[in-house]
$ cat upload.pdb   # PDB, C-alpha atoms
ATOM      1  CA  MET A 874       0.000   0.000   0.000
ATOM      2  CA  THR A 875       1.182   3.507  -0.803
ATOM      3  CA  ILE A 876       0.706   6.130   1.906
ATOM      4  CA  SER A 877       0.389   9.705   0.666
ATOM      5  CA  ILE A 878       1.997  12.454   2.720
ATOM      6  CA  LEU A 879       1.086  16.013   1.799
ATOM      7  CA  GLY A 880       3.696  18.558   2.839
ATOM      8  CA  ALA A 881       7.425  18.153   2.196
ATOM      9  CA  GLY A 882       8.659  20.342   5.017
ATOM     10  CA  ALA A 883      10.902  18.887   7.701
ATOM     11  CA  TRP A 884       8.065  17.071   9.495
ATOM     12  CA  GLY A 885       6.332  15.623   6.424
ATOM     13  CA  THR A 886       9.656  14.495   4.967
ATOM     14  CA  ALA A 887      10.694  12.906   8.272
ATOM     15  CA  ILE A 888       7.450  10.930   8.401
ATOM     16  CA  ALA A 889       8.038   9.823   4.810
ATOM     17  CA  ILE A 890      11.558   8.610   5.653
ATOM     18  CA  SER A 891      10.293   6.780   8.742
ATOM     19  CA  LEU A 892       7.330   5.053   7.077
ATOM     20  CA  SER A 893       9.260   4.065   3.944
ATOM     21  CA  ASP A 894      10.770   1.143   5.898
ATOM     22  CA  ARG A 895       7.408  -0.631   5.684
ATOM     23  CA  HIS A 896       5.446   1.167   2.985
ATOM     24  CA  ASN A 897       5.692   2.806  -0.385
ATOM     25  CA  VAL A 898       5.234   6.525   0.212
ATOM     26  CA  ALA A 899       4.110   9.371  -2.045
ATOM     27  CA  LEU A 900       5.397  12.737  -0.771
ATOM     28  CA  TRP A 901       3.675  15.800  -2.218
ATOM     29  CA  THR A 902       5.038  19.327  -2.436
ATOM     30  CA  HIS A 903       3.680  22.339  -4.297
ATOM     31  CA  ASN A 904       7.184  23.806  -4.481
ATOM     32  CA  ILE A 905       8.913  22.919  -7.745
ATOM     33  CA  THR A 906      12.354  23.725  -6.297
ATOM     34  CA  THR A 907      11.804  21.247  -3.449
ATOM     35  CA  PHE A 908      10.428  18.697  -5.922
ATOM     36  CA  GLU A 909      13.453  18.922  -8.188
ATOM     37  CA  SER A 910      15.954  19.025  -5.325
ATOM     38  CA  ILE A 911      14.659  15.887  -3.594
ATOM     39  CA  ASN A 912      14.447  13.968  -6.860
ATOM     40  CA  ARG A 913      18.002  14.982  -7.710
ATOM     41  CA  THR A 914      19.718  14.492  -4.345
ATOM     42  CA  ARG A 915      17.337  12.206  -2.413
ATOM     43  CA  GLU A 916      17.709  14.599   0.495
ATOM     44  CA  SER A 917      15.822  17.582   1.893
ATOM     45  CA  ASN A 918      17.617  20.831   2.678
ATOM     46  CA  LYS A 919      15.541  20.914   5.888
ATOM     47  CA  LEU A 920      16.985  17.560   6.996
ATOM     48  CA  PRO A 921      20.610  17.528   5.824
ATOM     49  CA  GLY A 922      22.294  14.150   5.989
ATOM     50  CA  CYS A 923      19.005  12.190   6.117
ATOM     51  CA  ARG A 924      18.606  10.138   2.963
ATOM     52  CA  ILE A 925      15.148   9.796   1.419
ATOM     53  CA  SER A 926      14.574   6.218   0.272
ATOM     54  CA  ASN A 927      13.791   5.390  -3.339
ATOM     55  CA  ASP A 928      10.550   3.928  -1.953
ATOM     56  CA  VAL A 929       9.440   7.561  -1.495
ATOM     57  CA  SER A 930       8.110   8.999  -4.754
ATOM     58  CA  VAL A 931       7.902  12.791  -4.846
ATOM     59  CA  LYS A 932       4.799  14.316  -6.417
ATOM     60  CA  LEU A 933       4.167  17.838  -7.696
ATOM     61  CA  ASP A 934       0.532  17.287  -8.702
ATOM     62  CA  ILE A 935      -1.842  16.694  -5.807
ATOM     63  CA  GLU A 936      -4.018  14.568  -8.109
ATOM     64  CA  ASP A 937      -1.275  11.939  -8.001
ATOM     65  CA  THR A 938      -1.718  11.432  -4.247
ATOM     66  CA  VAL A 939      -5.421  10.575  -3.932
ATOM     67  CA  ASN A 940      -5.293   6.958  -5.125
ATOM     68  CA  THR A 941      -4.625   5.610  -1.634
ATOM     69  CA  SER A 942      -6.461   4.529   1.497
ATOM     70  CA  MET A 943      -4.582   6.943   3.767
ATOM     71  CA  ILE A 944      -3.423  10.557   3.438
ATOM     72  CA  ILE A 945      -1.234  12.190   6.079
ATOM     73  CA  LEU A 946      -1.513  15.977   6.074
ATOM     74  CA  ALA A 947       1.720  17.585   7.303
ATOM     75  CA  VAL A 948       1.069  21.077   5.970
ATOM     76  CA  PRO A 949       1.013  24.234   8.137
ATOM     77  CA  ALA A 950      -2.271  24.613  10.000
ATOM     78  CA  GLN A 951      -3.027  27.901   8.225
ATOM     79  CA  SER A 952      -2.761  26.129   4.835
ATOM     80  CA  LEU A 953      -4.839  23.100   5.799
ATOM     81  CA  ARG A 954      -8.200  24.346   4.525
ATOM     82  CA  GLN A 955      -6.801  25.174   1.091
ATOM     83  CA  VAL A 956      -5.169  21.750   0.756
ATOM     84  CA  CYS A 957      -8.395  20.013   1.804
ATOM     85  CA  GLN A 958     -10.278  22.008  -0.824
ATOM     86  CA  GLN A 959      -7.748  20.856  -3.408
ATOM     87  CA  LEU A 960      -8.307  17.251  -2.375
ATOM     88  CA  ARG A 961     -12.062  17.688  -2.654
ATOM     89  CA  GLY A 962     -11.578  19.157  -6.111
ATOM     90  CA  CYS A 963      -9.608  16.051  -7.108
ATOM     91  CA  GLY A 964     -12.546  13.818  -6.295
ATOM     92  CA  LEU A 965     -11.091  12.283  -3.166
ATOM     93  CA  LYS A 966     -12.988   9.089  -2.296
ATOM     94  CA  LYS A 967     -14.931   9.136   0.954
ATOM     95  CA  ASP A 968     -13.257   5.984   2.304
ATOM     96  CA  VAL A 969      -9.781   7.595   2.334
ATOM     97  CA  THR A 970      -8.684   8.276   5.901
ATOM     98  CA  ILE A 971      -7.207  11.700   6.640
ATOM     99  CA  ILE A 972      -4.480  11.661   9.297
ATOM    100  CA  LEU A 973      -3.577  15.093  10.612
ATOM    101  CA  ALA A 974       0.081  15.665  11.468
ATOM    102  CA  CYS A 975      -0.270  19.446  11.724
ATOM    103  CA  LYS A 976      -0.693  21.501  14.890
ATOM    104  CA  GLY A 977      -2.459  24.801  15.324
ATOM    105  CA  ILE A 978      -5.709  26.756  15.309
ATOM    106  CA  GLU A 979      -7.013  28.375  12.123
ATOM    107  CA  ARG A 980      -6.823  32.151  12.518
ATOM    108  CA  SER A 981      -9.877  33.053  10.438
ATOM    109  CA  THR A 982     -12.310  30.575  12.053
ATOM    110  CA  LEU A 983     -10.612  29.520  15.334
ATOM    111  CA  LYS A 984     -11.144  25.877  14.320
ATOM    112  CA  LEU A 985      -8.879  22.965  15.149
ATOM    113  CA  PRO A 986      -7.481  20.889  12.255
ATOM    114  CA  SER A 987     -10.052  18.090  12.616
ATOM    115  CA  GLU A 988     -12.877  20.639  12.597
ATOM    116  CA  ILE A 989     -11.545  22.052   9.319
ATOM    117  CA  VAL A 990     -11.367  18.613   7.702
ATOM    118  CA  ASN A 991     -14.850  17.699   8.957
ATOM    119  CA  GLU A 992     -16.172  20.877   7.361
ATOM    120  CA  VAL A 993     -14.440  20.534   3.972
ATOM    121  CA  LEU A 994     -14.315  16.721   3.684
ATOM    122  CA  PRO A 995     -17.226  15.608   5.891
ATOM    123  CA  GLU A 996     -17.377  12.031   4.578
ATOM    124  CA  ASN A 997     -13.716  11.179   5.200
ATOM    125  CA  PRO A 998     -12.625   9.543   8.475
ATOM    126  CA  VAL A 999     -10.196  11.671  10.493
ATOM    127  CA  ALA A1000      -7.380  10.774  12.877
ATOM    128  CA  ILE A1001      -4.664  12.776  14.656
ATOM    129  CA  PHE A1002      -0.954  11.895  14.770
ATOM    130  CA  SER A1003       0.731  13.872  17.535
ATOM    131  CA  GLY A1004       3.411  13.743  20.202
ATOM    132  CA  PRO A1005       6.990  14.735  21.114
ATOM    133  CA  SER A1006       8.863  14.303  17.854
ATOM    134  CA  PHE A1007      11.605  16.492  16.449
ATOM    135  CA  ALA A1008      11.725  15.905  12.711
ATOM    136  CA  VAL A1009      15.477  15.332  12.531
ATOM    137  CA  GLU A1010      15.311  12.587  15.169
ATOM    138  CA  VAL A1011      12.389  10.909  13.404
ATOM    139  CA  ALA A1012      14.305  11.061  10.106
ATOM    140  CA  LYS A1013      17.305   9.446  11.813
ATOM    141  CA  LYS A1014      14.963   6.709  13.075
ATOM    142  CA  LEU A1015      15.678   7.344  16.736
ATOM    143  CA  PRO A1016      13.056   6.049  19.208
ATOM    144  CA  TYR A1017      10.029   8.222  19.911
ATOM    145  CA  SER A1018       6.439   8.042  21.231
ATOM    146  CA  MET A1019       3.315   9.323  19.513
ATOM    147  CA  VAL A1020      -0.448   9.290  19.960
ATOM    148  CA  LEU A1021      -2.908   8.222  17.270
ATOM    149  CA  ALA A1022      -6.261   9.780  18.165
ATOM    150  CA  CYS A1023      -9.451   8.685  16.443
ATOM    151  CA  GLN A1024     -13.086   8.580  17.554
ATOM    152  CA  ASN A1025     -13.606   5.235  15.802
ATOM    153  CA  ASP A1026     -11.862   2.593  17.906
ATOM    154  CA  THR A1027     -11.840  -0.024  15.132
ATOM    155  CA  LEU A1028     -10.324   2.338  12.588
ATOM    156  CA  GLY A1029      -7.884   3.652  15.178
ATOM    157  CA  SER A1030      -6.586   0.167  15.948
ATOM    158  CA  LYS A1031      -6.057  -0.504  12.234
ATOM    159  CA  LEU A1032      -4.147   2.758  11.814
ATOM    160  CA  VAL A1033      -1.938   2.033  14.815
ATOM    161  CA  SER A1034      -1.057  -1.335  13.281
ATOM    162  CA  LYS A1035      -0.206   0.236   9.920
ATOM    163  CA  LEU A1036       1.863   3.103  11.335
ATOM    164  CA  GLN A1037       3.693   1.159  14.035
ATOM    165  CA  GLN A1038       7.453   0.903  13.530
ATOM    166  CA  GLU A1039      10.232  -0.676  15.554
ATOM    167  CA  ASN A1040      11.391   2.738  16.786
ATOM    168  CA  ILE A1041       7.886   4.140  17.430
ATOM    169  CA  LYS A1042       5.791   3.540  20.537
ATOM    170  CA  LEU A1043       2.325   4.421  19.286
ATOM    171  CA  TYR A1044      -0.532   4.926  21.761
ATOM    172  CA  PHE A1045      -4.209   4.976  20.796
ATOM    173  CA  SER A1046      -6.625   7.602  22.102
ATOM    174  CA  ASN A1047     -10.156   8.631  21.212
ATOM    175  CA  ASP A1048      -9.619  12.124  22.675
ATOM    176  CA  VAL A1049      -9.391  13.875  19.309
ATOM    177  CA  ILE A1050     -10.101  17.401  20.564
ATOM    178  CA  GLY A1051      -7.897  17.192  23.653
ATOM    179  CA  VAL A1052      -4.883  15.946  21.720
ATOM    180  CA  GLN A1053      -5.201  18.841  19.257
ATOM    181  CA  ILE A1054      -5.552  21.480  21.979
ATOM    182  CA  CYS A1055      -2.322  20.298  23.586
ATOM    183  CA  ALA A1056      -0.539  20.131  20.230
ATOM    184  CA  ALA A1057      -1.526  23.675  19.281
ATOM    185  CA  LEU A1058      -0.878  25.493  22.550
ATOM    186  CA  LYS A1059       2.512  23.966  23.327
ATOM    187  CA  ASN A1060       4.028  25.991  20.467
ATOM    188  CA  VAL A1061       2.898  29.248  22.073
ATOM    189  CA  PHE A1062       4.293  28.188  25.437
ATOM    190  CA  ALA A1063       7.564  27.235  23.763
ATOM    191  CA  ILE A1064       7.918  30.816  22.513
ATOM    192  CA  ALA A1065       7.315  32.044  26.074
ATOM    193  CA  CYS A1066       9.891  29.614  27.466
ATOM    194  CA  GLY A1067      12.377  30.704  24.825
ATOM    195  CA  ILE A1068      12.003  34.302  25.986
ATOM    196  CA  ILE A1069      12.712  33.249  29.587
ATOM    197  CA  LEU A1070      15.798  31.311  28.495
ATOM    198  CA  GLY A1071      16.979  34.135  26.242
ATOM    199  CA  LYS A1072      16.780  36.532  29.171
ATOM    200  CA  LYS A1073      18.715  34.040  31.356
ATOM    201  CA  LEU A1074      16.075  34.097  34.093
ATOM    202  CA  GLY A1075      16.982  30.630  35.321
ATOM    203  CA  CYS A1076      15.703  27.082  35.530
ATOM    204  CA  ASN A1077      13.247  27.833  38.337
ATOM    205  CA  ALA A1078      11.355  30.407  36.278
ATOM    206  CA  HIS A1079      11.470  28.081  33.278
ATOM    207  CA  ALA A1080       9.971  25.171  35.236
ATOM    208  CA  ALA A1081       7.296  27.399  36.761
ATOM    209  CA  LEU A1082       6.292  28.639  33.312
ATOM    210  CA  ILE A1083       5.921  25.096  31.961
ATOM    211  CA  THR A1084       3.787  24.221  34.989
ATOM    212  CA  LYS A1085       1.520  27.233  34.460
ATOM    213  CA  SER A1086       1.263  26.318  30.784
ATOM    214  CA  MET A1087      -0.442  23.064  31.763
ATOM    215  CA  ASN A1088      -3.104  25.105  33.558
ATOM    216  CA  GLU A1089      -3.863  27.078  30.402
ATOM    217  CA  ILE A1090      -4.095  23.898  28.349
ATOM    218  CA  LYS A1091      -6.599  22.546  30.868
ATOM    219  CA  ALA A1092      -8.573  25.811  30.844
ATOM    220  CA  LEU A1093      -9.071  25.724  27.060
ATOM    221  CA  TYR A1094      -9.715  21.985  27.199
ATOM    222  CA  LEU A1095     -12.575  22.433  29.693
ATOM    223  CA  ALA A1096     -14.013  25.375  27.777
ATOM    224  CA  LYS A1097     -14.079  23.387  24.521
ATOM    225  CA  ILE A1098     -15.476  20.048  25.688
ATOM    226  CA  ASP A1099     -16.521  20.455  29.371
ATOM    227  CA  SER A1100     -14.129  17.757  30.569
ATOM    228  CA  SER A1101     -10.466  16.835  30.446
ATOM    229  CA  ASN A1102      -8.821  13.431  30.084
ATOM    230  CA  ILE A1103      -5.990  12.875  32.566
ATOM    231  CA  ASP A1104      -4.439  10.271  30.249
ATOM    232  CA  THR A1105      -4.210  12.892  27.506
ATOM    233  CA  LEU A1106      -2.827  15.586  29.806
ATOM    234  CA  LEU A1107      -0.134  13.341  31.281
ATOM    235  CA  GLY A1108       0.609  11.429  28.075
ATOM    236  CA  PRO A1109       2.940  11.956  25.109
ATOM    237  CA  ALA A1110       0.549  14.249  23.223
ATOM    238  CA  CYS A1111       0.447  16.817  26.021
ATOM    239  CA  LEU A1112       3.010  16.616  28.823
ATOM    240  CA  GLY A1113       5.565  14.828  26.639
ATOM    241  CA  ASP A1114       5.218  17.235  23.726
ATOM    242  CA  LEU A1115       5.175  20.249  26.048
ATOM    243  CA  ILE A1116       8.428  19.195  27.737
ATOM    244  CA  VAL A1117      10.395  18.528  24.559
ATOM    245  CA  THR A1118       9.127  21.650  22.769
ATOM    246  CA  CYS A1119       9.735  23.932  25.753
ATOM    247  CA  THR A1120      13.215  22.680  26.663
ATOM    248  CA  SER A1121      15.231  22.149  23.471
ATOM    249  CA  LEU A1122      16.509  24.698  20.976
ATOM    250  CA  ASN A1123      15.782  22.077  18.315
ATOM    251  CA  SER A1124      12.252  23.448  18.684
ATOM    252  CA  ARG A1125      11.873  26.282  16.184
ATOM    253  CA  ASN A1126       9.258  27.877  18.487
ATOM    254  CA  LEU A1127      11.587  27.837  21.500
ATOM    255  CA  SER A1128      14.428  29.060  19.296
ATOM    256  CA  PHE A1129      12.223  31.900  18.019
ATOM    257  CA  GLY A1130      11.405  32.968  21.586
ATOM    258  CA  PHE A1131      15.048  32.621  22.617
ATOM    259  CA  LYS A1132      16.117  35.029  19.881
ATOM    260  CA  ILE A1133      13.481  37.526  20.998
ATOM    261  CA  GLY A1134      14.602  37.213  24.619
ATOM    262  CA  SER A1135      18.240  37.613  23.605
ATOM    263  CA  SER A1136      17.624  40.777  21.580
ATOM    264  CA  ASN A1137      17.776  44.260  23.045
ATOM    265  CA  ASP A1138      14.118  45.012  22.331
ATOM    266  CA  ASN A1139      11.138  43.419  20.601
ATOM    267  CA  SER A1140      11.360  45.502  17.429
ATOM    268  CA  ASP A1141      13.174  42.624  15.746
ATOM    269  CA  VAL A1142      10.249  40.144  15.946
ATOM    270  CA  GLN A1143       9.383  40.239  12.248
ATOM    271  CA  GLN A1144      13.025  40.070  11.240
ATOM    272  CA  ILE A1145      13.640  37.095  13.535
ATOM    273  CA  LEU A1146      10.552  35.402  12.112
ATOM    274  CA  SER A1147      11.697  35.947   8.525
ATOM    275  CA  GLU A1148      15.112  34.451   9.267
ATOM    276  CA  GLY A1149      13.613  31.057  10.099
ATOM    277  CA  ASN A1150      13.956  28.184   7.651
ATOM    278  CA  SER A1151      10.582  26.656   8.603
ATOM    279  CA  VAL A1152       7.106  27.753   9.646
ATOM    280  CA  THR A1153       6.927  28.852  13.291
ATOM    281  CA  GLU A1154       3.427  27.623  14.109
ATOM    282  CA  GLY A1155       3.372  29.292  17.521
ATOM    283  CA  PHE A1156       3.374  32.736  15.914
ATOM    284  CA  SER A1157       0.013  32.141  14.217
ATOM    285  CA  THR A1158      -1.376  30.091  17.098
ATOM    286  CA  ALA A1159      -0.674  32.885  19.604
ATOM    287  CA  GLN A1160      -3.206  35.071  17.810
ATOM    288  CA  SER A1161      -5.708  32.241  17.391
ATOM    289  CA  ALA A1162      -5.415  31.141  21.025
ATOM    290  CA  PHE A1163      -5.861  34.704  22.288
ATOM    291  CA  ASN A1164      -8.987  35.220  20.170
ATOM    292  CA  LEU A1165     -10.392  31.812  21.090
ATOM    293  CA  ALA A1166      -9.853  32.490  24.793
ATOM    294  CA  GLU A1167     -11.728  35.773  24.449
ATOM    295  CA  LYS A1168     -14.541  34.050  22.555
ATOM    296  CA  LEU A1169     -14.853  31.361  25.223
ATOM    297  CA  LYS A1170     -14.427  33.931  28.028
ATOM    298  CA  ILE A1171     -11.496  32.242  29.733
ATOM    299  CA  LYS A1172      -8.203  33.601  31.088
ATOM    300  CA  MET A1173      -4.992  32.457  29.387
ATOM    301  CA  PRO A1174      -2.404  35.009  30.560
ATOM    302  CA  ILE A1175       0.645  33.335  28.981
ATOM    303  CA  CYS A1176      -0.996  33.151  25.564
ATOM    304  CA  GLU A1177      -2.215  36.715  25.953
ATOM    305  CA  ALA A1178       1.246  37.997  26.887
ATOM    306  CA  VAL A1179       2.872  36.273  23.902
ATOM    307  CA  TYR A1180       0.123  37.571  21.605
ATOM    308  CA  ARG A1181       0.512  41.161  22.786
ATOM    309  CA  LEU A1182       4.287  40.974  22.359
ATOM    310  CA  LEU A1183       4.084  39.546  18.827
ATOM    311  CA  TYR A1184       1.106  41.497  17.486
ATOM    312  CA  GLU A1185       0.675  44.631  19.598
ATOM    313  CA  SER A1186       4.323  45.549  20.285
ATOM    314  CA  ALA A1187       4.041  45.055  24.032
ATOM    315  CA  SER A1188       7.385  45.620  25.731
ATOM    316  CA  ILE A1189       9.575  42.668  26.593
ATOM    317  CA  GLU A1190       9.576  43.873  30.227
ATOM    318  CA  ASP A1191       5.756  43.784  30.436
ATOM    319  CA  THR A1192       5.729  40.374  28.783
ATOM    320  CA  ILE A1193       8.259  38.902  31.192
ATOM    321  CA  SER A1194       6.408  40.312  34.216
ATOM    322  CA  VAL A1195       3.385  38.239  33.173
ATOM    323  CA  LEU A1196       5.409  35.122  32.369
ATOM    324  CA  VAL A1197       7.170  35.049  35.762
ATOM    325  CA  SER A1198       4.333  36.360  37.929
TER     326      SER A1198
END
$ encode --input "upload.pdb" --output "C-alpha cells"
Amino acid sequence: MTISILGAGAWGTAIAISLSDRHNVALWTHNITTFESINRTRESNKLPGCRISNDVSVKLDIEDTVNTSMIILAVPAQSLRQVCQQLRGCGLKKDVTIILACKGIERSTLKLPSEIVNEVLPENPVAIFSGPSFAVEVAKKLPYSMVLACQNDTLGSKLVSKLQQENIKLYFSNDVIGVQICAALKNVFAIACGIILGKKLGCNAHAALITKSMNEIKALYLAKIDSSNIDTLLGPACLGDLIVTCTSLNSRNLSFGFKIGSSNDNSDVQQILSEGNSVTEGFSTAQSAFNLAEKLKIKMPICEAVYRLLYESASIEDTISVLVS
C-alpha cells in the first residue's frame, strides 16, 4: 500500500523517511524547487544528511496522491483548509482516511485541524498523529512516542497497526479534541519559554512557566469540551510534547522565543521570524489562542502575553512580568 503524505517540510519528509521502511510513500510538495531538489539528491535541505529512500516517490501534482487509502496531512495549519479544498476538487474518495500531522488553530475561524477537515471533507474519516517528535530525530529513526487519536476505535486500531514501527511507541486515544488542543498550545508556550531562556532568568522560572502552561491547556480543554482526560494531559501528546518543545533549541518555536529574549528590544520580531527556515506555528497560534480564549471567556495570561508581544508591540519587560508572575 502507498501512503500519501502532503507537505514536504521537515516534518512531512521525516514521516516519509520513517514510514518508507514498511510502505511505499508518495510525498507531495507544491514547491517545484523542493520537488526537483529531492528527486536529484534524495535529500531535503531541511533535513541535511538524512537520505530519502527510493521507496518515497515525490509528487508535484496533488491529483497523483489521492489513489490511496490513507493521506497524512503535514502542511502548516493555516494552509490546511486550502489543501483540503484541493483534495475535494480532485474527487477524493470518501473511504480515504485523513491523518492530521499538523498543529495549530485556524486564525480566520478559530477551528482545530479536525474541525476544518470535517467541514471541507465531511465524509472522510479523520485521525490525529501527535506527540513529542523532532523531525530530525524521526528522520534518523531514533526512538520516539506518539499518539494516534481517532473517535472510531476499530479504525484507530487498524491505523496504529499500519503506522507502528520498531522505533515508534504508538498509543491509541479517542480524545481527538484534547490531543489537538495540547498540540496547538505547546508551540505558544515554547515561545514564552524561549524568551525566559533568552533573558537568562533561570531554571526555576522556566519550570514554573511550563507548569503554568499546563493550567492554560486545561482551561481551554474544559471550555471546549466540558471535561479533560488525565491520560491525555499526562501522556505523550500533552506533557511529553510540552516538555520537549519547551526545553530544546531544536524546537523552532523555543528558538524563536530565545532570539526575541536575547535581543535588546522586541522591534526585531518580524526580522527574527523571517530568518527562520521553517514555519513557526506558535506565531500564528498565539493570535488564534488569544482570540479563542476571548470568545470562550477564559483567562490564558501566557498566551495573551505572547500575543501582545508579537502582534501589539508590548514591551519585553511587560511580557516577562506576566510570564514570571
$ resolve_selection --input "upload.pdb" --expression "the PyMOL selection byres ((chain A and resi 931) around 8)" --output "PyMOL selection string"
chain A and resi 899-902+908+911-912+929-930+932-933
$ residues_around --input "upload.pdb" --residues "A:Gly885" --least-positions-apart "2" --cutoff "9 Å" --atoms "all atoms listed in the file" --output "PDB file with C-alpha atoms, in the frame of the given file"
ATOM      1  CA  ILE A 878       1.997  12.454   2.720  1.00  0.00           C
ATOM      2  CA  LEU A 879       1.086  16.013   1.799  1.00  0.00           C
ATOM      3  CA  GLY A 880       3.696  18.558   2.839  1.00  0.00           C
ATOM      4  CA  ALA A 881       7.425  18.153   2.196  1.00  0.00           C
ATOM      5  CA  GLY A 882       8.659  20.342   5.017  1.00  0.00           C
ATOM      6  CA  ALA A 883      10.902  18.887   7.701  1.00  0.00           C
ATOM      7  CA  ALA A 887      10.694  12.906   8.272  1.00  0.00           C
ATOM      8  CA  ILE A 888       7.450  10.930   8.401  1.00  0.00           C
ATOM      9  CA  ALA A 889       8.038   9.823   4.810  1.00  0.00           C
ATOM     10  CA  ILE A 890      11.558   8.610   5.653  1.00  0.00           C
ATOM     11  CA  LEU A 900       5.397  12.737  -0.771  1.00  0.00           C
ATOM     12  CA  ILE A 945      -1.234  12.190   6.079  1.00  0.00           C
ATOM     13  CA  LEU A 946      -1.513  15.977   6.074  1.00  0.00           C
ATOM     14  CA  ALA A 947       1.720  17.585   7.303  1.00  0.00           C
ATOM     15  CA  VAL A 948       1.069  21.077   5.970  1.00  0.00           C
ATOM     16  CA  ALA A 974       0.081  15.665  11.468  1.00  0.00           C
ATOM     17  CA  ALA A1008      11.725  15.905  12.711  1.00  0.00           C
TER      18      ALA A1008
END
$ resolve_selection --input "upload.pdb" --expression "the PyMOL selection byres ((chain A and resi 1023-1038) around 6)" --output "PDB file with C-alpha atoms, in the frame of the given file"
ATOM      1  CA  ALA A1000      -7.380  10.774  12.877  1.00  0.00           C
ATOM      2  CA  ALA A1022      -6.261   9.780  18.165  1.00  0.00           C
ATOM      3  CA  GLU A1039      10.232  -0.676  15.554  1.00  0.00           C
ATOM      4  CA  ASN A1040      11.391   2.738  16.786  1.00  0.00           C
ATOM      5  CA  ILE A1041       7.886   4.140  17.430  1.00  0.00           C
ATOM      6  CA  ASN A1047     -10.156   8.631  21.212  1.00  0.00           C
ATOM      7  CA  VAL A1049      -9.391  13.875  19.309  1.00  0.00           C
TER       8      VAL A1049
END
$ closest_residue --input "upload.pdb" --among "A:Leu1015, A:Leu994, A:Val1009, A:Ile1145" --to "A:Asn918" --atoms "all atoms listed in the file"
A:Val1009
$ atom_distance --input "upload.pdb" --atom1 "atom CA of A:Arg924" --atom2 "atom CA of A:Ser893"
11.2 Å
$ decode --input "upload.pdb" --residues "stretch 1116-1134 of chain A" --atoms "N, CA and C atoms" --output "tab-separated table (two decimals), in the first residue's frame"
chain	number	residue	atom	x	y	z
A	1116	ILE	N	7.06	19.22	27.18
A	1116	ILE	CA	8.43	19.19	27.74
A	1116	ILE	C	9.47	19.33	26.63
A	1117	VAL	N	9.35	18.51	25.58
A	1117	VAL	CA	10.40	18.53	24.56
A	1117	VAL	C	10.40	19.85	23.79
A	1118	THR	N	9.20	20.40	23.54
A	1118	THR	CA	9.13	21.65	22.77
A	1118	THR	C	9.58	22.85	23.57
A	1119	CYS	N	9.41	22.79	24.89
A	1119	CYS	CA	9.73	23.93	25.75
A	1119	CYS	C	11.12	23.86	26.37
A	1120	THR	N	11.91	22.82	26.02
A	1120	THR	CA	13.21	22.68	26.66
A	1120	THR	C	14.38	22.54	25.70
A	1121	SER	N	14.13	22.37	24.42
A	1121	SER	CA	15.23	22.15	23.47
A	1121	SER	C	15.23	23.20	22.37
A	1122	LEU	N	16.40	23.72	22.07
A	1122	LEU	CA	16.51	24.70	20.98
A	1122	LEU	C	16.35	24.05	19.61
A	1123	ASN	N	16.19	22.72	19.56
A	1123	ASN	CA	15.78	22.08	18.32
A	1123	ASN	C	14.36	22.47	17.94
A	1124	SER	N	13.60	22.94	18.93
A	1124	SER	CA	12.25	23.45	18.68
A	1124	SER	C	12.35	24.83	18.05
A	1125	ARG	N	11.79	24.97	16.84
A	1125	ARG	CA	11.87	26.28	16.18
A	1125	ARG	C	11.06	27.34	16.94
A	1126	ASN	N	10.03	26.92	17.70
A	1126	ASN	CA	9.26	27.88	18.49
A	1126	ASN	C	10.06	28.36	19.69
A	1127	LEU	N	10.72	27.44	20.39
A	1127	LEU	CA	11.59	27.84	21.50
A	1127	LEU	C	12.74	28.69	20.99
A	1128	SER	N	13.32	28.31	19.87
A	1128	SER	CA	14.43	29.06	19.30
A	1128	SER	C	13.99	30.47	18.92
A	1129	PHE	N	12.78	30.59	18.37
A	1129	PHE	CA	12.22	31.90	18.02
A	1129	PHE	C	12.10	32.78	19.26
A	1130	GLY	N	11.52	32.22	20.34
A	1130	GLY	CA	11.41	32.97	21.59
A	1130	GLY	C	12.75	33.31	22.18
A	1131	PHE	N	13.70	32.39	22.08
A	1131	PHE	CA	15.05	32.62	22.62
A	1131	PHE	C	15.70	33.82	21.92
A	1132	LYS	N	15.53	33.90	20.61
A	1132	LYS	CA	16.12	35.03	19.88
A	1132	LYS	C	15.47	36.35	20.27
A	1133	ILE	N	14.17	36.31	20.54
A	1133	ILE	CA	13.48	37.53	21.00
A	1133	ILE	C	14.02	37.92	22.38
A	1134	GLY	N	14.10	36.94	23.28
A	1134	GLY	CA	14.60	37.21	24.62
A	1134	GLY	C	16.04	37.69	24.64
